[in-house]
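Colleague: So here's upload24.txt (compact mmCIF, C-alpha atoms and all ligand atoms).
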```
# COMPACT_ATOMS: atom_id res chain seq x y z
CA MET K 975 76.19 93.36 0.06
CA ASN K 976 73.46 91.64 -1.93
CA LYS K 977 73.07 87.96 -1.37
CA VAL K 978 73.81 86.21 -4.65
CA ARG K 979 71.36 83.40 -5.21
CA LEU K 980 72.40 79.95 -6.34
CA PRO K 981 73.34 78.35 -8.62
CA ARG K 982 76.00 80.85 -9.59
CA VAL K 983 79.27 81.10 -11.43
CA ASP K 984 82.15 82.84 -9.69
CA ILE K 985 84.20 84.73 -12.27
CA ASN K 986 87.67 85.59 -11.00
CA LEU K 987 88.60 88.69 -12.98
CA ASP K 988 92.16 88.76 -11.62
CA LYS K 989 92.82 85.25 -12.90
CA ILE K 990 91.38 86.12 -16.31
CA ALA K 991 93.50 89.29 -16.39
CA HIS K 992 96.59 87.24 -15.54
CA ASN K 993 95.87 84.72 -18.31
CA VAL K 994 95.33 87.48 -20.86
CA GLU K 995 98.55 89.21 -19.85
CA GLN K 996 100.57 85.99 -20.09
CA LEU K 997 99.13 84.95 -23.45
CA VAL K 998 99.51 88.42 -24.98
CA ALA K 999 103.18 88.43 -23.87
CA LEU K 1000 103.82 84.84 -24.98
CA TYR K 1001 102.37 85.17 -28.49
CA GLY K 1002 103.73 88.71 -28.79
CA ARG K 1003 107.27 87.35 -28.55
CA LYS K 1004 106.94 85.96 -32.08
CA GLY K 1005 104.87 88.83 -33.44
CA ILE K 1006 101.41 87.30 -33.00
CA GLU K 1007 98.62 89.53 -31.72
CA VAL K 1008 95.78 88.02 -29.70
CA MET K 1009 92.19 88.61 -30.78
CA GLY K 1010 90.01 88.14 -27.68
CA VAL K 1011 87.07 85.77 -28.18
CA THR K 1012 84.05 86.77 -26.09
CA LYS K 1013 81.42 84.33 -27.40
CA THR K 1014 82.32 81.90 -24.60
CA VAL K 1015 81.11 84.45 -22.03
CA CYS K 1016 78.22 85.86 -24.12
CA GLY K 1017 80.03 89.15 -24.70
CA ASP K 1018 80.17 89.92 -20.97
CA PRO K 1019 81.28 93.60 -20.86
CA THR K 1020 83.02 93.28 -17.47
CA ILE K 1021 85.25 90.54 -18.87
CA ALA K 1022 85.67 92.38 -22.19
CA GLN K 1023 86.95 95.41 -20.28
CA VAL K 1024 89.58 93.21 -18.59
CA PHE K 1025 90.74 92.09 -22.06
CA VAL K 1026 91.05 95.70 -23.24
CA ASP K 1027 92.82 96.79 -20.03
CA LYS K 1028 95.40 94.05 -20.61
CA GLY K 1029 96.20 95.19 -24.13
CA ILE K 1030 93.79 93.33 -26.40
CA ARG K 1031 92.66 95.58 -29.25
CA THR K 1032 90.24 93.35 -31.16
CA LEU K 1033 87.28 91.52 -29.62
CA SER K 1034 85.38 88.87 -31.50
CA ASP K 1035 82.05 87.17 -30.98
CA SER K 1036 79.82 84.93 -33.08
CA ARG K 1037 76.68 86.80 -32.06
CA ILE K 1038 75.80 90.32 -33.13
CA ALA K 1039 73.73 90.67 -29.93
CA ASN K 1040 76.94 90.27 -27.91
CA LEU K 1041 78.89 92.77 -30.03
CA LYS K 1042 76.04 95.23 -29.53
CA THR K 1043 76.09 94.67 -25.74
CA MET K 1044 79.83 95.36 -25.59
CA ARG K 1045 79.62 98.44 -27.81
CA GLU K 1046 76.73 99.86 -25.85
CA ALA K 1047 78.64 99.24 -22.62
CA GLY K 1048 81.33 101.55 -23.99
CA ILE K 1049 84.05 98.94 -24.52
CA GLU K 1050 86.68 100.46 -26.80
CA ALA K 1051 87.96 97.91 -29.29
CA ARG K 1052 87.70 96.82 -32.88
CA PHE K 1053 84.75 94.41 -33.02
CA VAL K 1054 84.83 91.28 -35.13
CA LEU K 1055 81.92 89.01 -36.02
CA LEU K 1056 83.48 85.57 -35.61
CA ARG K 1057 81.33 83.69 -38.09
CA THR K 1058 80.09 84.30 -41.58
CA PRO K 1059 77.14 86.72 -41.41
CA ALA K 1060 73.63 85.41 -41.98
CA MET K 1061 71.75 87.09 -44.84
CA SER K 1062 69.03 88.06 -42.37
CA GLU K 1063 71.35 90.13 -40.18
CA LEU K 1064 73.50 92.10 -42.61
CA ASP K 1065 72.18 95.52 -41.54
CA VAL K 1066 73.18 94.91 -37.91
CA VAL K 1067 76.46 93.27 -38.97
CA VAL K 1068 77.48 96.49 -40.70
CA LYS K 1069 76.18 98.52 -37.79
CA TYR K 1070 77.84 96.65 -34.90
CA ALA K 1071 80.84 94.80 -36.39
CA ASP K 1072 83.89 96.56 -37.82
CA ILE K 1073 85.09 93.31 -39.35
CA SER K 1074 83.37 90.00 -40.13
CA LEU K 1075 84.69 86.58 -41.11
CA ASN K 1076 83.36 85.66 -44.55
CA THR K 1077 83.17 82.75 -46.95
CA GLU K 1078 80.20 83.49 -49.25
CA LEU K 1079 80.33 85.86 -52.22
CA ALA K 1080 76.58 86.43 -52.18
CA VAL K 1081 76.82 87.57 -48.55
CA ILE K 1082 79.79 89.82 -49.25
CA GLN K 1083 77.94 91.36 -52.19
CA LYS K 1084 75.04 92.27 -49.91
CA LEU K 1085 77.42 93.49 -47.18
CA SER K 1086 78.82 95.83 -49.80
CA THR K 1087 75.36 97.18 -50.63
CA GLU K 1088 74.53 97.53 -46.94
CA ALA K 1089 77.81 99.29 -46.13
CA LEU K 1090 77.22 101.77 -48.95
CA ALA K 1091 73.70 102.38 -47.65
CA GLN K 1092 75.09 103.04 -44.17
CA ASN K 1093 77.83 105.19 -45.68
CA THR K 1094 80.62 103.16 -44.14
CA MET K 1095 83.38 100.69 -45.01
CA HIS K 1096 82.96 97.11 -43.75
CA GLU K 1097 86.12 95.05 -43.33
CA ILE K 1098 86.40 91.39 -44.18
CA ILE K 1099 88.59 88.50 -43.14
CA LEU K 1100 88.24 85.66 -45.64
CA MET K 1101 88.23 82.23 -44.01
CA VAL K 1102 90.04 79.47 -45.88
CA GLU K 1103 89.12 75.78 -45.52
CA MET K 1104 92.19 73.83 -44.39
CA GLY K 1105 90.77 70.46 -43.44
CA ASP K 1106 88.75 70.90 -40.25
CA LEU K 1107 85.65 71.21 -42.46
CA ARG K 1108 83.72 73.91 -40.70
CA GLU K 1109 83.79 77.34 -42.39
CA GLY K 1110 86.06 78.33 -45.24
CA ILE K 1111 86.58 78.87 -48.97
CA MET K 1112 88.39 75.98 -50.65
CA PRO K 1113 92.01 77.15 -51.16
CA GLU K 1114 91.84 76.82 -54.95
CA ASP K 1115 88.87 79.23 -55.00
CA VAL K 1116 90.39 81.98 -52.87
CA LYS K 1117 92.00 83.97 -55.68
CA SER K 1118 88.90 84.11 -57.86
CA THR K 1119 86.86 85.12 -54.80
CA VAL K 1120 89.28 87.92 -53.94
CA ARG K 1121 89.22 89.13 -57.54
CA LYS K 1122 85.42 89.49 -57.38
CA ILE K 1123 85.44 91.20 -53.97
CA LEU K 1124 87.93 93.75 -55.23
CA GLN K 1125 85.24 94.91 -57.68
CA MET K 1126 82.86 95.72 -54.82
CA ARG K 1127 82.67 99.05 -53.04
CA GLY K 1128 81.95 99.40 -49.31
CA VAL K 1129 83.92 96.31 -48.34
CA ARG K 1130 87.66 95.88 -47.85
CA ILE K 1131 89.61 92.66 -47.41
CA VAL K 1132 91.83 93.09 -44.35
CA GLY K 1133 92.90 89.52 -43.80
CA ILE K 1134 92.66 85.79 -44.26
CA GLY K 1135 92.21 83.16 -41.61
CA ALA K 1136 91.67 79.49 -40.96
CA ASN K 1137 90.03 77.52 -38.19
CA PHE K 1138 91.14 74.23 -36.66
CA ALA K 1139 90.16 71.63 -34.09
CA CYS K 1140 86.51 72.67 -33.96
CA PHE K 1141 84.61 70.20 -36.12
CA GLY K 1142 87.10 67.70 -37.50
CA GLY K 1143 89.65 67.96 -34.69
CA VAL K 1144 92.26 68.79 -37.35
CA LYS K 1145 95.57 70.16 -36.02
CA PRO K 1146 97.11 73.43 -37.15
CA SER K 1147 100.32 71.68 -38.21
CA PRO K 1148 103.46 73.47 -39.44
CA ALA K 1149 102.52 72.41 -42.99
CA LYS K 1150 99.06 73.98 -42.69
CA MET K 1151 100.48 77.17 -41.16
CA ASN K 1152 103.05 77.39 -43.98
CA ALA K 1153 100.31 76.94 -46.57
CA LEU K 1154 98.30 79.78 -45.02
CA SER K 1155 101.41 82.01 -44.95
CA GLN K 1156 102.12 81.24 -48.58
CA LEU K 1157 98.56 82.03 -49.53
CA ALA K 1158 98.90 85.40 -47.77
CA ASP K 1159 102.11 86.15 -49.69
CA ASP K 1160 100.50 85.03 -52.92
CA LEU K 1161 97.46 87.29 -52.43
CA ASP K 1162 99.64 90.24 -51.49
CA THR K 1163 101.79 89.84 -54.61
CA THR K 1164 98.95 89.10 -56.99
CA PHE K 1165 96.56 91.80 -55.79
CA GLY K 1166 98.80 94.21 -53.85
CA LEU K 1167 96.72 93.62 -50.72
CA ASP K 1168 99.14 93.99 -47.79
CA LEU K 1169 96.89 91.85 -45.55
CA GLU K 1170 96.70 93.17 -42.01
CA PHE K 1171 95.45 89.91 -40.46
CA VAL K 1172 96.79 86.45 -41.16
CA SER K 1173 94.82 84.65 -38.49
CA GLY K 1174 96.21 81.15 -38.00
CA GLY K 1175 93.64 79.68 -35.64
CA ASN K 1176 92.60 79.51 -32.01
CA SER K 1177 93.58 77.94 -28.68
CA ALA K 1178 94.53 74.78 -30.59
CA ASN K 1179 97.57 76.60 -32.07
CA TYR K 1180 99.56 76.57 -28.82
CA GLN K 1181 101.62 73.45 -29.60
CA TRP K 1182 102.44 74.66 -33.09
CA PHE K 1183 103.44 78.04 -31.68
CA SER K 1184 105.58 76.60 -28.86
CA THR K 1185 107.53 74.32 -31.15
CA CYS K 1186 107.97 76.36 -34.32
CA ASP K 1187 110.99 78.58 -34.94
CA ASP K 1188 109.30 80.72 -37.52
CA VAL K 1189 105.63 81.67 -37.51
CA GLY K 1190 105.85 82.89 -41.10
CA ARG K 1191 103.12 85.38 -41.98
CA ILE K 1192 100.83 84.29 -39.11
CA ASN K 1193 100.31 87.43 -37.01
CA ASN K 1194 97.00 86.75 -35.26
CA LEU K 1195 95.29 84.06 -33.18
CA ARG K 1196 91.70 84.16 -31.94
CA LEU K 1197 91.78 82.97 -28.33
CA GLY K 1198 88.91 81.93 -26.12
CA GLU K 1199 89.42 78.74 -24.14
CA SER K 1200 93.10 79.27 -23.36
CA ILE K 1201 92.27 82.63 -21.80
CA TYR K 1202 89.27 81.40 -19.83
CA LEU K 1203 90.41 77.93 -18.83
CA GLY K 1204 94.20 78.17 -19.22
CA ARG K 1205 94.42 75.20 -21.59
CA GLU K 1206 95.43 74.42 -25.15
CA THR K 1207 92.71 72.49 -26.93
CA LEU K 1208 94.34 69.60 -28.80
CA GLU K 1209 95.03 67.58 -25.63
CA ARG K 1210 93.43 69.96 -23.09
CA GLU K 1211 96.80 70.30 -21.36
CA ALA K 1212 97.18 73.21 -18.93
CA ILE K 1213 99.40 75.99 -20.32
CA PRO K 1214 102.27 76.62 -17.85
CA GLY K 1215 101.79 79.75 -15.75
CA LEU K 1216 98.06 80.13 -16.44
CA PHE K 1217 95.07 79.68 -14.13
CA THR K 1218 92.72 76.83 -15.07
CA ASP K 1219 90.20 77.80 -12.39
CA ALA K 1220 89.15 81.35 -13.21
CA PHE K 1221 85.53 80.13 -13.25
CA THR K 1222 83.82 78.13 -10.52
CA PHE K 1223 80.27 76.79 -10.63
CA VAL K 1224 78.57 76.80 -7.23
CA SER K 1225 75.31 75.00 -6.49
CA GLU K 1226 73.25 74.47 -3.35
CA VAL K 1227 72.28 71.27 -1.57
CA ILE K 1228 68.49 70.90 -1.39
CA GLU K 1229 68.19 67.33 -0.05
CA THR K 1230 70.52 64.89 1.74
CA LYS K 1231 69.46 61.37 2.66
CA VAL K 1232 70.79 57.87 2.99
CA LYS K 1233 69.17 55.90 0.16
CA PRO K 1234 69.81 52.78 -1.90
CA SER K 1235 72.32 53.18 -4.72
CA ALA K 1236 70.18 51.31 -7.25
CA PRO K 1237 66.63 52.31 -8.30
CA TYR K 1238 63.94 49.86 -7.18
CA GLY K 1239 60.59 48.95 -8.75
CA GLU K 1240 59.70 48.21 -12.37
CA ARG K 1241 61.77 50.41 -14.68
CA GLY K 1242 61.29 52.17 -18.02
CA GLN K 1243 63.08 55.19 -19.50
CA ASP K 1244 64.51 58.15 -17.56
CA ALA K 1245 63.69 61.85 -18.15
CA PHE K 1246 65.70 61.96 -21.37
CA GLY K 1247 64.61 58.69 -22.92
CA ASN K 1248 67.64 56.70 -21.75
CA THR K 1249 67.62 53.31 -20.14
CA THR K 1250 70.48 53.26 -17.66
CA THR K 1251 71.95 50.39 -15.68
CA PHE K 1252 72.97 50.87 -12.05
CA THR K 1253 75.37 48.91 -9.88
CA ASP K 1254 73.98 48.12 -6.44
CA LYS K 1255 76.56 49.44 -3.98
CA GLY K 1256 74.22 49.17 -1.01
CA LEU K 1257 73.11 52.20 0.96
CA MET K 1258 74.66 55.53 -0.01
CA LYS K 1259 74.77 59.06 1.42
CA ARG K 1260 73.15 61.02 -1.38
CA ALA K 1261 72.58 64.72 -1.95
CA ILE K 1262 70.51 66.63 -4.47
CA LEU K 1263 71.72 69.98 -5.81
CA GLY K 1264 69.26 72.62 -6.99
CA SER K 1265 70.68 72.80 -10.50
CA GLY K 1266 70.51 70.59 -13.56
CA LEU K 1267 70.71 70.58 -17.32
CA GLN K 1268 68.88 73.90 -17.63
CA ASP K 1269 71.79 75.45 -15.75
CA VAL K 1270 74.88 73.59 -16.89
CA ILE K 1271 76.15 70.69 -19.01
CA VAL K 1272 76.57 68.53 -15.90
CA THR K 1273 79.01 66.10 -17.55
CA GLY K 1274 81.45 69.04 -17.91
CA LEU K 1275 81.65 69.61 -14.15
CA THR K 1276 84.45 68.31 -11.90
CA PRO K 1277 83.78 68.54 -8.16
CA LYS K 1278 86.39 70.54 -6.24
CA SER K 1279 85.81 68.27 -3.22
CA ASP K 1280 85.71 64.48 -2.83
CA ILE K 1281 82.15 63.80 -4.00
CA GLU K 1282 80.82 62.09 -7.13
CA ILE K 1283 78.20 63.24 -9.63
CA LEU K 1284 75.73 60.39 -10.24
CA GLY K 1285 73.62 62.11 -12.88
CA ALA K 1286 71.17 64.93 -13.49
CA SER K 1287 67.76 65.85 -14.80
CA SER K 1288 66.63 69.34 -15.88
CA ASP K 1289 66.71 70.87 -12.40
CA HIS K 1290 68.32 68.30 -10.07
CA THR K 1291 71.86 66.95 -9.86
CA LEU K 1292 72.39 63.75 -7.88
CA ILE K 1293 75.53 63.42 -5.78
CA ASP K 1294 77.20 60.56 -3.92
CA THR K 1295 78.46 62.63 -0.98
CA LYS K 1296 80.94 59.92 0.08
CA ASN K 1297 82.08 61.21 3.46
CA ALA K 1298 81.37 64.91 2.92
CA PRO K 1299 79.11 66.18 5.72
CA LEU K 1300 76.62 67.96 3.48
CA SER K 1301 73.22 69.27 4.52
CA PRO K 1302 70.57 71.47 2.86
CA GLY K 1303 71.82 75.02 2.29
CA ASP K 1304 75.47 73.99 1.88
CA GLU K 1305 77.36 75.11 -1.22
CA VAL K 1306 79.17 72.69 -3.49
CA ALA K 1307 81.81 73.97 -5.96
CA PHE K 1308 82.92 72.62 -9.33
CA ASP K 1309 85.54 73.29 -12.00
CA LEU K 1310 84.19 73.60 -15.54
CA ASP K 1311 85.21 72.39 -18.97
CA TYR K 1312 84.49 74.41 -22.15
CA GLY K 1313 80.95 73.10 -22.60
CA ALA K 1314 80.09 73.65 -18.97
CA LEU K 1315 81.49 77.19 -19.08
CA LEU K 1316 79.50 77.99 -22.22
CA SER K 1317 76.32 76.61 -20.65
CA VAL K 1318 76.56 78.46 -17.31
CA MET K 1319 77.31 81.74 -19.06
CA THR K 1320 74.33 81.18 -21.38
CA SER K 1321 71.82 79.98 -18.80
CA PRO K 1322 69.54 82.71 -17.43
CA TYR K 1323 69.18 80.65 -14.23
CA VAL K 1324 72.85 80.94 -13.24
CA ALA K 1325 73.82 84.14 -11.39
CA LYS K 1326 77.14 85.70 -12.43
CA LYS K 1327 79.38 86.85 -9.59
CA TYR K 1328 82.60 88.75 -10.34
CA VAL K 1329 85.39 88.10 -7.90
CA ILE K 1330 88.34 90.49 -7.60
CA ALA K 1331 91.20 90.10 -5.14
CA THR K 1332 90.19 93.10 -3.06
CA GLN K 1333 86.48 93.31 -3.59
CA GLU K 1334 83.50 91.45 -4.94
CA LEU K 1335 81.02 92.79 -7.46
CA ASN K 1336 77.63 91.19 -7.75
CA THR K 1337 75.20 91.15 -10.56
CA VAL K 1338 72.18 88.98 -10.28
CA SER K 1339 70.90 88.22 -13.73
C1 LIG K 1401 85.18 79.95 -31.10
C2 LIG K 1401 86.14 80.37 -32.14
C3 LIG K 1401 87.47 80.66 -31.79
C4 LIG K 1401 88.00 80.49 -30.38
O1 LIG K 1401 88.31 79.16 -30.12
P1 LIG K 1401 89.00 78.74 -28.73
O2 LIG K 1401 89.25 77.29 -28.87
O3 LIG K 1401 88.02 79.05 -27.65
O4 LIG K 1401 90.24 79.54 -28.60
C5 LIG K 1401 88.32 81.10 -32.79
N1 LIG K 1401 87.90 81.24 -34.06
C6 LIG K 1401 86.63 80.97 -34.44
C7 LIG K 1401 86.25 81.15 -35.86
C8 LIG K 1401 85.72 80.52 -33.49
O5 LIG K 1401 84.47 80.25 -33.88
```
Spell out the structure here as structure tokens.

Modeller:
Amino acid sequence: MNKVRLPRVDINLDKIAHNVEQLVALYGRKGIEVMGVTKTVCGDPTIAQVFVDKGIRTLSDSRIANLKTMREAGIEARFVLLRTPAMSELDVVVKYADISLNTELAVIQKLSTEALAQNTMHEIILMVEMGDLREGIMPEDVKSTVRKILQMRGVRIVGIGANFACFGGVKPSPAKMNALSQLADDLDTTFGLDLEFVSGGNSANYQWFSTCDDVGRINNLRLGESIYLGRETLEREAIPGLFTDAFTFVSEVIETKVKPSAPYGERGQDAFGNTTTFTDKGLMKRAILGSGLQDVIVTGLTPKSDIEILGASSDHTLIDTKNAPLSPGDEVAFDLDYGALLSVMTSPYVAKKYVIATQELNTVS
């Protein structure tokens, strides 16, 4: 077997498969279908295939490059562009996405032209602003927008959606979910639409879902973090029965020495322009790991053993080893939060290693 270099991320495909299965079953009980979000893992086709094997039929990503990767890898799903298309990419949006989230009439107009040119039909989910203040059409403008889109050829409205807890930290409350349901009913009656997707949100919708008796018209959620890290995202509580450790970041010790705990000599700024204060705790057993901010958002790492992260620069992470007997060449493992996961999957310096119960697959990227 190839030796996988470090730093690396261990990706446990069985744990991801388990989380997908559980969430699909849970949300399915009240008629909600899960749209798998792949942007968190940069459209990794091996992970996307796990989603599809476990019954997910739509895969969504914010980047066309990732949709293209998955399509070209032969993943069979309906592909959704998870953000409003940029004017500069409309040809590839029509080519690689079956559906895109949209909020801008001028963009939709050009999507229509592009779809006609490519002799295809491009499907649209209109995003509605419900308070979180990222993407979305103001609710009072939705009807007039729909009316204009219905004049266009080459594009078809297949749903509406809203996003929560991303920019403003706003909760998908029962009142907000009811408002979205009512809007769906209203559009169906006014325009005879029969919307296929009423997409109520993301991993932040778990609490709403668990406590509501009636989900109304909501029939879709776009899930990333709760699949990958087994958590809802309003309080970051673990969801019962899910794995929170499907991903593990592993780095290598490159120096261990007993050194003072406080810097000595005249001091100015550190590598990132900060002036930090240190408490003198006397001599300390310190280690350096061969990874830093070019590999991972270090503040999003939690050591799996009893050591402490002191800080990091671009390529070094400083550790108080406490009583761990570390020496150069040893591996140190960490759990990841959302930002850390996103950064290790994005960094070209971090090797991706797929772990399966019975076998291990390596890719060194
Ligand atoms: C990233 C994203 C999601 C997924 O959010 P999670 O918190 O990872 O479940 C859903 N919808 C949109 C529009 C997104 O951009």

Colleague: Do you know which residues are at most 9 Å from K:Phe1141 counting all atoms listed in the file, after dropping those on the same chain fewer than 2 positions away, and could you put them as a tab-separated table (two decimals) with C-alpha atoms, keeping the file's coordinate frame?

Modeller:
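Output (out_5.tsv):
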```tsv
chain	number	residue	atom	x	y	z
K	1106	ASP	CA	88.75	70.90	-40.25
K	1107	LEU	CA	85.65	71.21	-42.46
K	1108	ARG	CA	83.72	73.91	-40.70
K	1138	PHE	CA	91.14	74.23	-36.66
K	1139	ALA	CA	90.16	71.63	-34.09
K	1143	GLY	CA	89.65	67.96	-34.69
K	1144	VAL	CA	92.26	68.79	-37.35
```

Colleague: For K:Thr1058, list every protein, DNA or RNA residue within 12 Å, evaluated using all atoms listed in the file, and leave out those in the same chain fewer than 5 positions away; present the list as a VMD selection string.

Modeller: chain K and resid 1035 to 1038 1063 to 1064 1067 1071 1073 to 1082 1085 1098 to 1102 1108 to 1111

Colleague: Find the residue from K:Ala1236, K:Ala1178, K:Leu1267, K:Ile1134 that sits nearest to K:Glu1206; use only C-alpha atoms when measuring.

Modeller: K:Ala1178

Colleague: List the residues sitting within 12 Å of (94.1, 75.3, -22.8) in the file's frame, using all atoms listed in the file, as an MDAnalysis selection string.

Modeller: chainID K and resid 993 997 1176:1181 1197:1219 1311:1312

Colleague: With all atoms listed in the file as the atoms that count, which of K:Asn1297, K:Asn1137, K:Gln1243, K:Thr1087 lies nearest to ligand LIG 1401 (chain K)?

Modeller: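 Using all atoms listed in the file, the shortest distance to ligand LIG 1401 (chain K) belongs to K:Asn1137.
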
Colleague: Residues at most 9 Å from K:Leu1315, counting all atoms listed in the file, excluding those fewer than 6 positions away in the same chain, as a list in words?

Modeller: Val983, Thr1014, Val1015, Tyr1202, Leu1203, Phe1221, Thr1222, Phe1223, Val1270, Ile1271 and Gly1274 of chain K

Colleague: Excluding stretch 1227-1232 of chain K and any residue of its chain fewer than 2 positions from it, enumerate the residues within 10 Å of it, using only C-alpha atoms, and give them as a PyMOL selection string.

Modeller: chain K and resi 980+1225+1234-1235+1257-1265+1290-1295+1299-1306

Colleague: Extract, using all atoms listed in the file, all DNA, RNA and protein residues at most 12 Å from stretch 1020-1026 of chain K, discarding same-chain residues fewer than 3 positions from it, and format them as an NGL selection string.

Modeller: :K and (985-998 or 1008-1017 or 1029-1035 or 1040-1041 or 1043-1045 or 1047-1053 or 1197-1198 or 1201-1202 or 1220-1221 or 1319 or 1326-1330 or 1335-1337)

Colleague: For K:Val1066, which residue out of K:Gln1083, K:Thr1164, K:Thr1276, K:Gln1092 is the nearest one, using all atoms listed in the file?

Modeller: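 Of the candidates, the smallest distance to K:Val1066 is held by K:Gln1092.
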
Colleague: Enclose the full set of atoms of stretch 1173-1178 of chain K listed in the file within a box whose edges lie along x, y and z, apply 6 Å of padding to each of the six sides, and report centre and edge lengths in Å to one decimal as JSON.

Modeller:
```
{"center_x": 94.4, "center_y": 79.7, "center_z": -33.6, "size_x": 15.6, "size_y": 21.9, "size_z": 21.8}
```

Colleague: Which residue out of K:Ala1136, K:Ala1039, K:Val978, K:Ala1314 has the minimum interatomic distance to ligand LIG 1401 (chain K) when only C-alpha atoms and all ligand atoms are used?

Modeller: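 Answer, going by the shortest atom-to-atom distance: K:Ala1136.
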
Colleague: Mind giving me the straight-line distance from atom CA of K:Leu1124 to atom CA of K:Ile1006 in Å, one decimal?

Modeller: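 Straight-line distance from atom CA of K:Leu1124 to atom CA of K:Ile1006 works out to 26.8 Å.
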
Colleague: Give the answer as one residue: which of K:Ser1173, K:Asn1193, K:Ser1288, K:Ser1155 has the shortest atom-to-atom distance to ligand LIG 1401 (chain K), using all atoms listed in the file?

Modeller: K:Ser1173

Colleague: Would you compute the distance between atom CA of K:Asn1152 and atom CA of K:Tyr1001? Give it in Å to one decimal.

Modeller: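 Distance reported for this atom pair: 17.3 Å.
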
Colleague: In Å to one decimal, how far is atom CA of K:Asp1018 from atom CA of K:Val1318?

Modeller: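 Between atom CA of K:Val1318 and atom CA of K:Asp1018 the gap works out to 12.6 Å.
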
Colleague: Using only C-alpha atoms and all ligand atoms, which of K:Leu1055, K:Val1120, K:Leu1167, K:Ala1286 sits nearest ligand LIG 1401 (chain K)?

Modeller: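 Using only C-alpha atoms and all ligand atoms, the shortest distance to ligand LIG 1401 (chain K) belongs to K:Leu1055.
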